[in-house]
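Peer 1: Contents of work.txt (compact mmCIF, C-alpha atoms):
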# COMPACT_ATOMS: atom_id res chain seq x y z
CA MET J 1 0.00 0.00 0.00
CA THR J 2 1.45 3.35 -1.07
CA LEU J 3 0.59 6.99 -0.37
CA LEU J 4 1.78 9.89 -2.52
CA VAL J 5 2.50 13.13 -0.62
CA ILE J 6 3.42 16.47 -2.20
CA ALA J 7 4.62 19.43 -0.10
CA GLY J 8 5.47 22.55 -2.05
CA GLU J 9 7.54 24.72 0.28
CA ALA J 10 9.25 24.86 3.67
CA SER J 11 6.04 25.40 5.65
CA GLY J 12 4.47 22.43 3.88
CA ASP J 13 7.45 20.29 4.85
CA LEU J 14 6.88 21.21 8.51
CA HIS J 15 3.22 20.22 8.30
CA GLY J 16 4.09 17.11 6.34
CA LYS J 17 6.65 15.96 8.88
CA GLU J 18 4.01 15.83 11.62
CA ILE J 19 1.42 14.09 9.46
CA LEU J 20 3.88 11.49 8.13
CA ARG J 21 5.15 10.79 11.64
CA GLU J 22 1.59 10.02 12.73
CA LEU J 23 0.95 7.90 9.63
CA LYS J 24 4.03 5.76 10.23
CA ALA J 25 3.13 5.36 13.90
CA LEU J 26 -0.37 4.16 13.01
CA ARG J 27 0.66 2.08 9.98
CA PRO J 28 4.39 1.17 10.07
CA ASP J 29 4.11 -0.85 6.83
CA LEU J 30 2.72 2.11 4.88
CA ARG J 31 4.89 3.04 1.89
CA ILE J 32 5.13 6.80 1.36
CA VAL J 33 6.57 8.43 -1.76
CA GLY J 34 6.61 12.08 -2.73
CA VAL J 35 8.11 15.54 -2.53
CA GLY J 36 9.33 16.89 0.80
CA GLY J 37 12.16 18.53 2.64
CA GLU J 38 14.43 17.82 5.54
CA GLY J 39 11.53 17.30 7.95
CA MET J 40 9.69 14.74 5.80
CA MET J 41 12.83 12.94 4.63
CA PRO J 42 12.96 10.30 7.44
CA TYR J 43 9.41 9.17 6.59
CA LEU J 44 9.66 9.04 2.80
CA ASP J 45 10.41 5.63 1.33
CA LEU J 46 11.03 7.28 -2.03
CA LYS J 47 11.80 11.00 -2.38
CA LEU J 48 10.93 12.36 -5.82
CA ALA J 49 12.21 15.89 -5.28
CA ASP J 50 12.95 18.49 -2.61
CA VAL J 51 10.57 21.29 -1.66
CA SER J 52 13.23 23.75 -2.86
CA ASP J 53 12.48 22.58 -6.42
CA LEU J 54 8.91 23.82 -6.07
CA GLY J 55 9.31 26.85 -3.80
CA VAL J 56 9.23 29.70 -6.31
CA VAL J 57 7.87 33.21 -5.86
CA GLY J 58 7.42 36.33 -7.97
CA PHE J 59 6.91 36.51 -11.73
CA VAL J 60 10.29 35.66 -13.26
CA GLU J 61 11.50 32.71 -11.17
CA PRO J 62 8.49 30.48 -11.96
CA LEU J 63 9.18 30.99 -15.68
CA VAL J 64 12.85 30.11 -15.21
CA LYS J 65 11.95 26.96 -13.29
CA LEU J 66 9.06 25.99 -15.55
CA PRO J 67 10.96 23.23 -17.44
CA ARG J 68 12.02 21.67 -14.13
CA LEU J 69 8.47 21.90 -12.75
CA LEU J 70 7.02 20.28 -15.86
CA ALA J 71 9.63 17.50 -15.69
CA LEU J 72 8.81 16.89 -12.02
CA ARG J 73 5.09 16.83 -12.76
CA LYS J 74 5.71 14.22 -15.47
CA ARG J 75 7.80 12.10 -13.10
CA ILE J 76 5.17 12.26 -10.35
CA LEU J 77 2.49 11.08 -12.80
CA GLU J 78 4.72 8.23 -13.95
CA VAL J 79 5.53 7.13 -10.40
CA ALA J 80 1.86 7.32 -9.41
CA LYS J 81 1.01 4.99 -12.29
CA VAL J 82 3.81 2.52 -11.57
CA GLU J 83 3.12 2.49 -7.82
CA GLY J 84 -0.62 2.10 -8.31
CA ILE J 85 -1.35 5.13 -6.14
CA GLY J 86 -4.89 5.19 -4.77
CA THR J 87 -4.61 8.16 -2.42
CA VAL J 88 -2.72 11.46 -2.68
CA LEU J 89 -2.10 14.06 0.02
CA THR J 90 -1.13 17.52 -1.20
CA ILE J 91 -0.03 20.10 1.35
CA ASP J 92 -0.73 23.80 0.74
CA TYR J 93 0.89 25.24 -2.45
CA PRO J 94 -2.46 25.14 -4.33
CA GLY J 95 -1.26 26.52 -7.67
CA PHE J 96 0.92 23.51 -8.42
CA ASN J 97 -0.90 20.94 -6.32
CA PHE J 98 -4.40 21.48 -7.70
CA SER J 99 -3.16 21.29 -11.27
CA LEU J 100 -1.22 18.12 -10.44
CA GLY J 101 -4.23 16.70 -8.62
CA ALA J 102 -6.45 17.19 -11.66
CA ALA J 103 -3.89 15.39 -13.84
CA LEU J 104 -3.60 12.52 -11.35
CA LYS J 105 -7.38 12.10 -11.26
CA LYS J 106 -7.56 12.12 -15.04
CA GLN J 107 -4.91 9.40 -15.12
CA ALA J 108 -6.59 7.34 -12.38
CA PRO J 109 -10.30 8.29 -12.07
CA GLY J 110 -10.81 6.37 -8.82
CA LEU J 111 -7.98 8.16 -7.00
CA GLU J 112 -8.76 10.01 -3.75
CA LEU J 113 -7.27 13.48 -3.47
CA HIS J 114 -6.72 14.91 0.02
CA HIS J 115 -5.51 18.48 0.56
CA TYR J 116 -4.14 19.97 3.79
CA VAL J 117 -4.53 23.75 4.39
CA CYS J 118 -7.49 25.43 2.77
CA PRO J 119 -6.45 28.31 0.48
CA GLN J 120 -7.72 31.68 1.68
CA VAL J 121 -10.71 31.63 -0.67
CA TRP J 122 -12.70 33.39 2.05
CA ALA J 123 -10.51 36.45 1.47
CA TRP J 124 -10.30 36.44 -2.31
CA LYS J 125 -11.10 34.30 -5.36
CA LYS J 126 -14.30 32.86 -3.91
CA GLY J 127 -15.06 31.68 -7.42
CA ARG J 128 -12.52 28.90 -6.85
CA ILE J 129 -14.75 27.21 -4.26
CA PRO J 130 -16.94 25.20 -6.70
CA LYS J 131 -13.87 24.00 -8.62
CA MET J 132 -12.12 22.94 -5.41
CA GLY J 133 -15.32 21.27 -4.27
CA ARG J 134 -15.36 19.11 -7.39
CA LEU J 135 -11.63 18.37 -7.53
CA LEU J 136 -10.88 17.44 -3.92
CA ASP J 137 -12.22 14.46 -2.03
CA VAL J 138 -11.10 15.62 1.42
CA LEU J 139 -10.04 19.11 2.47
CA TYR J 140 -8.43 19.57 5.88
CA CYS J 141 -9.22 23.05 7.24
CA LEU J 142 -7.21 24.86 9.91
CA PHE J 143 -9.95 27.37 10.79
CA ASP J 144 -13.39 26.43 12.07
CA PHE J 145 -15.28 28.75 9.70
CA GLU J 146 -13.83 27.24 6.51
CA PRO J 147 -15.85 23.99 6.11
CA ALA J 148 -19.12 25.95 5.81
CA LEU J 149 -17.78 27.59 2.64
CA PHE J 150 -17.97 24.22 0.90
CA ALA J 151 -21.50 23.27 1.94
CA GLY J 152 -23.35 21.82 -1.02
CA HIS J 153 -20.16 20.71 -2.77
CA PRO J 154 -18.97 17.07 -2.98
CA VAL J 155 -15.73 17.65 -1.05
CA ASP J 156 -15.50 16.44 2.56
CA ALA J 157 -14.27 19.72 4.10
CA ARG J 158 -13.44 19.12 7.74
CA PHE J 159 -11.96 21.23 10.51
CA VAL J 160 -9.02 19.35 12.06
CA GLY J 161 -7.62 22.09 14.29
CA ASN J 162 -4.71 24.45 13.88
CA PRO J 163 -1.18 23.16 14.56
CA LEU J 164 -0.24 26.54 16.05
CA VAL J 165 -1.99 25.58 19.30
CA GLU J 166 0.68 22.93 19.81
CA VAL J 167 3.79 24.92 18.98
CA VAL J 168 3.07 28.43 20.27
CA LYS J 169 4.36 28.59 23.82
CA PRO J 170 7.11 30.66 25.50
CA GLU J 171 10.54 29.08 25.05
CA VAL J 172 11.55 30.04 28.61
CA ASP J 173 9.68 31.15 31.73
CA ARG J 174 9.32 34.79 32.75
CA GLU J 175 12.14 34.80 35.29
CA THR J 176 14.60 33.22 32.85
CA PHE J 177 13.63 35.59 30.05
CA PHE J 178 14.24 38.69 32.14
CA GLN J 179 17.51 37.27 33.44
CA GLU J 180 18.70 36.52 29.90
CA THR J 181 17.78 39.93 28.53
CA GLY J 182 18.73 42.07 31.51
CA LEU J 183 15.32 43.73 31.37
CA ASP J 184 13.49 44.79 34.54
CA PRO J 185 10.45 42.56 35.30
CA ALA J 186 8.95 45.35 37.42
CA ARG J 187 8.72 47.79 34.48
CA PRO J 188 6.27 47.67 31.53
CA LEU J 189 7.55 45.80 28.48
CA VAL J 190 6.40 46.27 24.88
CA ALA J 191 7.28 43.78 22.13
CA LEU J 192 7.81 45.06 18.59
CA LEU J 193 7.25 42.66 15.67
CA PRO J 194 7.68 44.55 12.40
CA GLY J 195 7.57 41.41 10.24
CA SER J 196 9.96 38.88 8.79
CA ARG J 197 10.37 40.40 5.32
CA ARG J 198 12.69 43.29 4.44
CA SER J 199 9.80 45.19 2.83
CA GLU J 200 7.82 44.95 6.09
CA LEU J 201 10.83 45.96 8.13
CA SER J 202 11.49 49.05 6.02
CA ARG J 203 7.85 50.21 6.25
CA LEU J 204 7.01 49.32 9.84
CA LEU J 205 10.16 49.60 11.94
CA PRO J 206 10.85 53.33 11.30
CA PRO J 207 7.48 54.51 12.70
CA MET J 208 7.90 52.06 15.60
CA GLY J 209 11.32 53.57 16.18
CA GLU J 210 9.87 57.07 16.23
CA LEU J 211 7.37 55.88 18.85
CA VAL J 212 10.23 54.61 21.01
CA ARG J 213 12.09 57.90 20.54
CA GLY J 214 9.06 59.93 21.60
CA TRP J 215 8.46 57.78 24.68
CA ARG J 216 12.03 58.19 25.89
CA MET J 217 10.78 61.34 27.61
CA ALA J 218 7.01 60.77 27.79
CA ARG J 219 7.11 57.20 29.19
CA PRO J 220 10.72 56.47 30.23
CA GLU J 221 9.65 53.52 32.37
CA VAL J 222 8.56 51.50 29.31
CA GLN J 223 11.02 48.91 27.98
CA TRP J 224 11.14 47.61 24.43
CA VAL J 225 12.07 44.23 22.99
CA LEU J 226 12.30 43.10 19.37
CA PRO J 227 12.74 39.43 18.32
CA VAL J 228 14.86 39.39 15.15
CA ALA J 229 13.28 37.11 12.53
CA PRO J 230 15.60 34.42 11.13
CA THR J 231 15.02 35.81 7.62
CA LEU J 232 16.55 39.13 8.65
CA GLY J 233 20.03 40.05 9.82
CA ASP J 234 20.61 41.62 13.21
CA ALA J 235 22.77 44.27 11.52
CA GLU J 236 19.97 45.57 9.29
CA VAL J 237 17.58 45.75 12.22
CA ALA J 238 20.22 47.56 14.30
CA ALA J 239 20.85 50.02 11.45
CA LEU J 240 17.20 51.07 11.43
CA LEU J 241 17.03 51.36 15.24
CA GLY J 242 20.23 53.34 15.70
CA ASP J 243 20.82 54.18 19.35
CA LEU J 244 17.22 53.59 20.44
CA PRO J 245 16.82 51.55 23.66
CA VAL J 246 15.28 48.46 22.04
CA ARG J 247 16.57 45.12 23.26
CA ARG J 248 16.99 42.76 20.31
CA VAL J 249 16.58 39.05 21.01
CA PRO J 250 17.07 36.06 18.67
CA ALA J 251 14.25 34.26 16.93
CA SER J 252 14.62 31.48 19.51
CA ARG J 253 12.93 33.84 21.99
CA THR J 254 10.18 35.20 19.75
CA TYR J 255 7.36 33.57 21.73
CA ALA J 256 8.86 34.40 25.13
CA ALA J 257 9.31 38.05 24.13
CA ARG J 258 5.60 38.35 23.42
CA ALA J 259 4.33 36.11 26.20
CA HIS J 260 6.18 38.06 28.88
CA ALA J 261 5.46 41.51 27.41
CA ASP J 262 2.59 43.70 28.62
CA ALA J 263 1.65 44.72 25.07
CA ALA J 264 2.85 44.28 21.50
CA LEU J 265 2.73 45.87 18.06
CA VAL J 266 2.56 43.08 15.47
CA ALA J 267 2.77 43.03 11.68
CA SER J 268 -0.29 41.49 10.04
CA GLY J 269 0.08 37.78 9.31
CA THR J 270 0.43 34.51 11.20
CA ALA J 271 2.25 36.39 13.98
CA THR J 272 -1.10 37.91 15.01
CA LEU J 273 -2.53 34.43 15.64
CA GLU J 274 0.58 33.48 17.58
CA THR J 275 0.36 36.58 19.75
CA ALA J 276 -3.33 35.97 20.38
CA LEU J 277 -2.52 32.43 21.54
CA LEU J 278 0.11 33.83 23.90
CA GLY J 279 -2.57 36.09 25.42
CA THR J 280 -0.70 39.39 25.19
CA PRO J 281 -2.78 42.48 24.28
CA PHE J 282 -1.58 43.75 20.91
CA ALA J 283 -2.32 45.94 17.93
CA ILE J 284 -2.04 44.82 14.31
CA VAL J 285 -0.03 47.05 11.99
CA TYR J 286 -0.29 46.85 8.21
CA ARG J 287 1.39 49.03 5.62
CA LEU J 288 1.87 48.34 1.90
CA ASN J 289 2.88 50.28 -1.16
CA PRO J 290 -0.18 52.55 -1.77
CA LEU J 291 -0.91 51.10 -5.22
CA THR J 292 -0.58 47.51 -3.94
CA TYR J 293 -2.89 48.32 -1.06
CA GLN J 294 -5.57 49.78 -3.31
CA MET J 295 -5.44 46.72 -5.56
CA ALA J 296 -5.65 44.40 -2.53
CA ARG J 297 -8.68 46.23 -1.13
CA ARG J 298 -10.51 45.70 -4.43
CA LEU J 299 -9.84 41.97 -4.29
CA VAL J 300 -10.26 41.29 -0.58
CA LYS J 301 -13.76 41.84 0.81
CA LEU J 302 -13.31 41.33 4.56
CA PRO J 303 -14.10 43.60 7.50
CA PHE J 304 -10.67 42.94 9.03
CA ILE J 305 -7.08 42.62 7.86
CA GLY J 306 -5.51 40.74 10.78
CA LEU J 307 -5.88 36.95 10.98
CA ALA J 308 -6.63 37.10 14.70
CA ASN J 309 -9.66 39.32 14.06
CA ILE J 310 -10.78 37.29 11.04
CA VAL J 311 -10.69 34.05 13.04
CA ALA J 312 -12.52 35.61 16.01
CA GLY J 313 -15.10 37.22 13.74
CA ARG J 314 -14.74 40.51 15.61
CA GLU J 315 -12.06 42.93 16.73
CA VAL J 316 -9.88 41.36 19.40
CA ALA J 317 -6.90 43.54 18.45
CA PRO J 318 -7.06 47.10 17.06
CA GLU J 319 -5.83 47.50 13.48
CA LEU J 320 -3.64 50.34 12.28
CA VAL J 321 -3.55 50.44 8.49
CA GLN J 322 -1.48 52.43 5.99
CA GLY J 323 -1.35 56.09 7.10
CA GLU J 324 -2.39 55.13 10.63
CA VAL J 325 1.00 53.47 11.10
CA GLU J 326 2.62 56.63 12.44
CA PRO J 327 4.03 57.55 15.88
CA THR J 328 1.03 59.48 17.22
CA ALA J 329 -1.53 56.80 16.37
CA LEU J 330 0.79 54.06 17.59
CA ALA J 331 1.28 55.88 20.88
CA ARG J 332 -2.43 56.44 21.38
CA THR J 333 -3.19 52.76 20.73
CA LEU J 334 -0.34 51.54 22.94
CA GLU J 335 -1.48 53.73 25.84
CA LEU J 336 -4.81 51.93 25.75
CA LEU J 337 -3.23 48.49 25.55
CA LEU J 338 -1.11 49.26 28.62
CA ASP J 339 -4.12 50.42 30.64
CA PRO J 340 -4.74 47.59 33.18
CA VAL J 341 -8.54 47.57 32.78
CA ILE J 342 -8.45 47.57 28.97
CA ALA J 343 -5.62 45.03 28.95
CA GLN J 344 -7.65 42.62 31.05
CA ARG J 345 -10.60 42.91 28.69
CA ARG J 346 -8.34 42.34 25.68
CA ARG J 347 -6.91 39.17 27.26
CA GLY J 348 -10.44 37.84 27.58
CA ASP J 349 -11.07 38.65 23.92
CA LEU J 350 -7.92 36.82 22.89
CA ALA J 351 -9.05 33.65 24.65
CA ASN J 352 -11.85 33.59 22.08
CA VAL J 353 -9.29 33.18 19.30
CA ARG J 354 -7.88 30.02 20.85
CA ALA J 355 -11.39 28.58 21.06
CA HIS J 356 -11.67 28.90 17.26
CA LEU J 357 -8.41 27.04 16.58
CA GLY J 358 -9.40 23.68 18.00
CA ALA J 359 -7.64 21.17 20.22
CA PRO J 360 -4.11 19.79 19.80
CA GLY J 361 -3.71 16.75 17.55
CA ALA J 362 -4.39 18.10 14.04
CA ALA J 363 -1.75 15.89 12.41
CA LYS J 364 -3.10 12.73 14.03
CA ARG J 365 -6.66 13.53 12.94
CA VAL J 366 -5.44 13.98 9.35
CA ALA J 367 -3.50 10.70 9.48
CA GLU J 368 -6.49 8.79 10.84
CA ARG J 369 -8.75 10.08 8.06
CA ILE J 370 -6.19 9.27 5.35
CA LEU J 371 -5.95 5.69 6.58
CA LEU J 372 -9.70 5.29 6.08
CA SER J 373 -9.22 5.87 2.36
CA LYS J 374 -7.99 3.58 -0.40
CA VAL J 375 -4.32 3.66 0.61
Go through the file and emit its structure as structure tokens.
Peer 2:
Amino acid sequence: MTLLVIAGEASGDLHGKEILRELKALRPDLRIVGVGGEGMMPYLDLKLADVSDLGVVGFVEPLVKLPRLLALRKRILEVAKVEGIGTVLTIDYPGFNFSLGAALKKQAPGLELHHYVCPQVWAWKKGRIPKMGRLLDVLYCLFDFEPALFAGHPVDARFVGNPLVEVVKPEVDRETFFQETGLDPARPLVALLPGSRRSELSRLLPPMGELVRGWRMARPEVQWVLPVAPTLGDAEVAALLGDLPVRRVPASRTYAARAHADAALVASGTATLETALLGTPFAIVYRLNPLTYQMARRLVKLPFIGLANIVAGREVAPELVQGEVEPTALARTLELLLDPVIAQRRRGDLANVRAHLGAPGAAKRVAERILLSKV
């Protein structure tokens, strides 16, 4: 019995590692072939390619890699035929995986296609829902509101829980964190998370820095900490901060920095869900190139920008967007987050986010459902 698994990028490899571990624990004799990275490698009986061969972004790189992608697609189809594949699990990376899935089903009409991580069709391209509903047999959703989008379509869309609930926890306790950083546990602490991309850093860190500069005199008791994302260099972060009193900590303390802070300013993205799970009152900051932002607003029809608010279905963290990401507005918002009464209410709101992300064990639930199929 053989299962084909395709992960398209590094994040997919992380998800795949957990799912394959559970599959092998439940069915040690299961043969698994596919595309993965370092995490999935120990569980693959036959590796067809590395995730780095699929992980392309932008407009030019996909064209450059197109011959390699087409060759890989051809090889996957050949292996699926030779191995007599009855079930396929694709992980995220919908552009490549859905096209491949359609080709696999055409080649073997009885094949079951499972997909892990629902694309954000609730934010844009809702017209893709009927097509996904016809193509996929099982869709594993990480947010509890996603299965309802596919009501009336043949796909078995099921909420399995979000893996973040298992991994998001402070790396060290409060006492250890303050000892390591030399910060004062008796003084207020604010965590700054300007994002993991250089474009985010260049747009968000300067106004955050101006906030810190202004509070040197207005609120000298406040301390500042900034976890440096692994995708960024400490030197480039330091260059933007100059002599400002912001304690930089490595990515290995990113959860502790937020968990032990009194408030945080967080770039929109997965980091907002992480911060919500850690229970720290925070504001979401979002700033794009003006033209890009206007185009995005035409495509995305949602009342909120931050994932934490989208998941909760209401505002659990204030959002500062575009021109609002400036020192005065940041200061006004942060003052509220540091107010003890408001902070307590916000912590209660954030507990609501966790309730929407399900219980631990997402990977095991996926593995159990896969083993009910035609593997």
Peer 1: If you take every atom of stretch 241-258 of chain J that the file lists and fit an axis-aligned box around them with 4 Å extra on each side, what centre and edge lengths come out in Å to one decimal, as AutoDock Vina command-line options?
Peer 2:
--center_x 13.2 --center_y 42.8 --center_z 20.2 --size_x 23.2 --size_y 30.7 --size_z 17.9
Peer 1: For J:Leu307, which residue out of J:Tyr93, J:Phe98, J:Phe159, J:Trp122 is the nearest one, using all atoms listed in the file?
Peer 2: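 Looking only at the distances to J:Leu307, the closest residue turns out to be J:Trp122.
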Peer 1: Enter the distance from atom CA of J:Met217 to atom CA of J:Gly182, in Å, rounded to one decimal.
Peer 2: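 Separating atom CA of J:Met217 from atom CA of J:Gly182 is a distance of 21.2 Å.
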Peer 1: For stretch 208-210 of chain J, work out the shell of residues within 8 Å, counting all atoms listed in the file and skipping chain neighbours fewer than 5 positions away, then give it as a ChimeraX atom specification.
Peer 2: /J:192,240-241,244,326-327,330
Peer 1: Select all residues near (-3.8, 33.7, 22.4) (cut-off 7 Å, inclusive, file coordinates), counting all atoms listed in the file, and output them as an MDAnalysis selection string.
Peer 2: chainID J and resid 273:279 350:351 353:354
Peer 1: Grab the atom CA of J:Ala251 to atom CA of J:Glu315 distance for me, in Å with one decimal place.
Peer 2: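 Computing the Euclidean distance for atom CA of J:Ala251 and atom CA of J:Glu315 yields 27.7 Å.
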Peer 1: Using all atoms listed in the file, which of J:Tyr255, J:Thr328, J:Ala10, J:Thr280 sits nearest J:Gly214?
Peer 2: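 Looking at the shortest contact to J:Gly214, the residue is J:Thr328.
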Peer 1: Would you kindly return, as a list in words, each protein, DNA or RNA residue with an atom no farther than 7 Å from any atom of stretch 75-91 of chain J, considering all atoms listed in the file and excluding same-chain residues fewer than 6 positions away?
Peer 2: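 So, after excluding close chain neighbours, the residues are Thr2, Leu3, Leu4, Val5, Ile6, Ala7, Gly8, Gly12, Asn97, Leu104, Leu111, Glu112, Leu113, His114, His115, Tyr116, Val117, Lys374 and Val375 of chain J.
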Peer 1: Calculate how many Å separate atom CA of J:Ala283 from atom CA of J:Val237, rounding to one decimal.
Peer 2: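 Interatomic distance here is 20.7 Å.
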Peer 1: Given only C-alpha atoms as the basis, pick out the residue of J:Ala257, J:Ala218, J:Ala263, J:Ile284 nearest to J:Leu337.
Peer 2: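 Looking at the shortest contact to J:Leu337, the residue is J:Ala263.
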Peer 1: Measuring between only C-alpha atoms, which one of J:Phe145, J:Trp215, J:Phe304, J:Tyr286 shows the shortest distance to J:Val325?
Peer 2: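 Under the stated criterion, the closest residue is J:Tyr286.
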Peer 1: Tell me which of J:Leu100, J:Ala191, J:Leu371, J:Leu72 sits closest to J:Leu338, counting all atoms listed in the file.
Peer 2: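 Selected residue with least distance to J:Leu338: J:Ala191.
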Peer 1: Please check which residues have atoms at most 12 Å from (9.4, 7.0, 0.0) in the file's coordinates, counting all atoms listed in the file, and write them as a VMD selection string.
Peer 2: chain J and resid 1 to 6 20 24 29 to 36 40 to 49 79 83
Peer 1: Between J:Leu320, J:Ala331, J:Gly269, J:Leu135, which has the minimum distance to J:Val222 (counting all atoms listed in the file)?
Peer 2: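 The answer is J:Ala331, which sits nearest to J:Val222.
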Peer 1: Skip J:Trp224 itself and residues of its chain fewer than 4 positions away, then list as a list in words all residues within 8 Å of it, counting only C-alpha atoms.
Peer 2: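 These residues fall inside the cut-off: Leu189, Val190, Ala191, Leu192, Val212, Pro245, Val246 and Arg247 of chain J.
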Peer 1: Find the residues around J:Ala186 up to 12 Å (all atoms listed in the file counted), leave out those fewer than 3 positions away in its own chain, and share them as a PyMOL selection string.
Peer 2: chain J and resi 174-175+178+182-183+189+221-223+260-262
Peer 1: With the input short on atoms, add N, CA and C atoms back to stretch 254-274 of chain J and write it as a JSON list (two decimals), in the coordinates of the input.
Peer 2:
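rebuild.json, written as the output of this step:
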[["chain", "number", "residue", "atom", "x", "y", "z"],
["J", 254, "THR", "N", 11.28, 34.40, 20.29],
["J", 254, "THR", "CA", 10.18, 35.20, 19.75],
["J", 254, "THR", "C", 8.88, 35.01, 20.52],
["J", 255, "TYR", "N", 8.59, 33.78, 20.97],
["J", 255, "TYR", "CA", 7.36, 33.57, 21.73],
["J", 255, "TYR", "C", 7.50, 34.10, 23.15],
["J", 256, "ALA", "N", 8.64, 33.90, 23.76],
["J", 256, "ALA", "CA", 8.86, 34.40, 25.13],
["J", 256, "ALA", "C", 8.78, 35.92, 25.18],
["J", 257, "ALA", "N", 9.32, 36.59, 24.16],
["J", 257, "ALA", "CA", 9.31, 38.05, 24.13],
["J", 257, "ALA", "C", 7.88, 38.58, 24.16],
["J", 258, "ARG", "N", 6.99, 37.91, 23.43],
["J", 258, "ARG", "CA", 5.60, 38.35, 23.42],
["J", 258, "ARG", "C", 4.83, 37.89, 24.65],
["J", 259, "ALA", "N", 5.07, 36.65, 25.06],
["J", 259, "ALA", "CA", 4.33, 36.11, 26.20],
["J", 259, "ALA", "C", 4.59, 36.88, 27.48],
["J", 260, "HIS", "N", 5.81, 37.37, 27.65],
["J", 260, "HIS", "CA", 6.18, 38.06, 28.88],
["J", 260, "HIS", "C", 6.13, 39.58, 28.75],
["J", 261, "ALA", "N", 5.64, 40.07, 27.60],
["J", 261, "ALA", "CA", 5.46, 41.51, 27.41],
["J", 261, "ALA", "C", 4.07, 41.91, 27.92],
["J", 262, "ASP", "N", 3.89, 43.19, 28.19],
["J", 262, "ASP", "CA", 2.59, 43.70, 28.62],
["J", 262, "ASP", "C", 1.72, 44.09, 27.43],
["J", 263, "ALA", "N", 2.37, 44.36, 26.29],
["J", 263, "ALA", "CA", 1.65, 44.72, 25.07],
["J", 263, "ALA", "C", 2.59, 44.52, 23.89],
["J", 264, "ALA", "N", 2.02, 44.50, 22.69],
["J", 264, "ALA", "CA", 2.85, 44.28, 21.50],
["J", 264, "ALA", "C", 2.25, 45.00, 20.30],
["J", 265, "LEU", "N", 3.12, 45.36, 19.37],
["J", 265, "LEU", "CA", 2.73, 45.87, 18.06],
["J", 265, "LEU", "C", 3.20, 44.83, 17.05],
["J", 266, "VAL", "N", 2.26, 44.27, 16.27],
["J", 266, "VAL", "CA", 2.56, 43.08, 15.47],
["J", 266, "VAL", "C", 2.15, 43.27, 14.02],
["J", 267, "ALA", "N", 3.07, 42.97, 13.11],
["J", 267, "ALA", "CA", 2.77, 43.03, 11.68],
["J", 267, "ALA", "C", 1.69, 42.01, 11.34],
["J", 268, "SER", "N", 0.79, 42.38, 10.44],
["J", 268, "SER", "CA", -0.29, 41.49, 10.04],
["J", 268, "SER", "C", 0.26, 40.20, 9.45],
["J", 269, "GLY", "N", -0.37, 39.08, 9.80],
["J", 269, "GLY", "CA", 0.08, 37.78, 9.31],
["J", 269, "GLY", "C", -0.12, 36.73, 10.38],
["J", 270, "THR", "N", 0.55, 35.60, 10.23],
["J", 270, "THR", "CA", 0.43, 34.51, 11.20],
["J", 270, "THR", "C", 0.85, 34.95, 12.59],
["J", 271, "ALA", "N", 1.78, 35.92, 12.67],
["J", 271, "ALA", "CA", 2.25, 36.39, 13.98],
["J", 271, "ALA", "C", 1.11, 36.93, 14.82],
["J", 272, "THR", "N", 0.04, 37.41, 14.21],
["J", 272, "THR", "CA", -1.10, 37.91, 15.01],
["J", 272, "THR", "C", -1.83, 36.75, 15.69],
["J", 273, "LEU", "N", -1.93, 35.61, 15.01],
["J", 273, "LEU", "CA", -2.53, 34.43, 15.64],
["J", 273, "LEU", "C", -1.65, 33.94, 16.78],
["J", 274, "GLU", "N", -0.35, 33.93, 16.55],
["J", 274, "GLU", "CA", 0.58, 33.48, 17.58],
["J", 274, "GLU", "C", 0.47, 34.35, 18.82]]
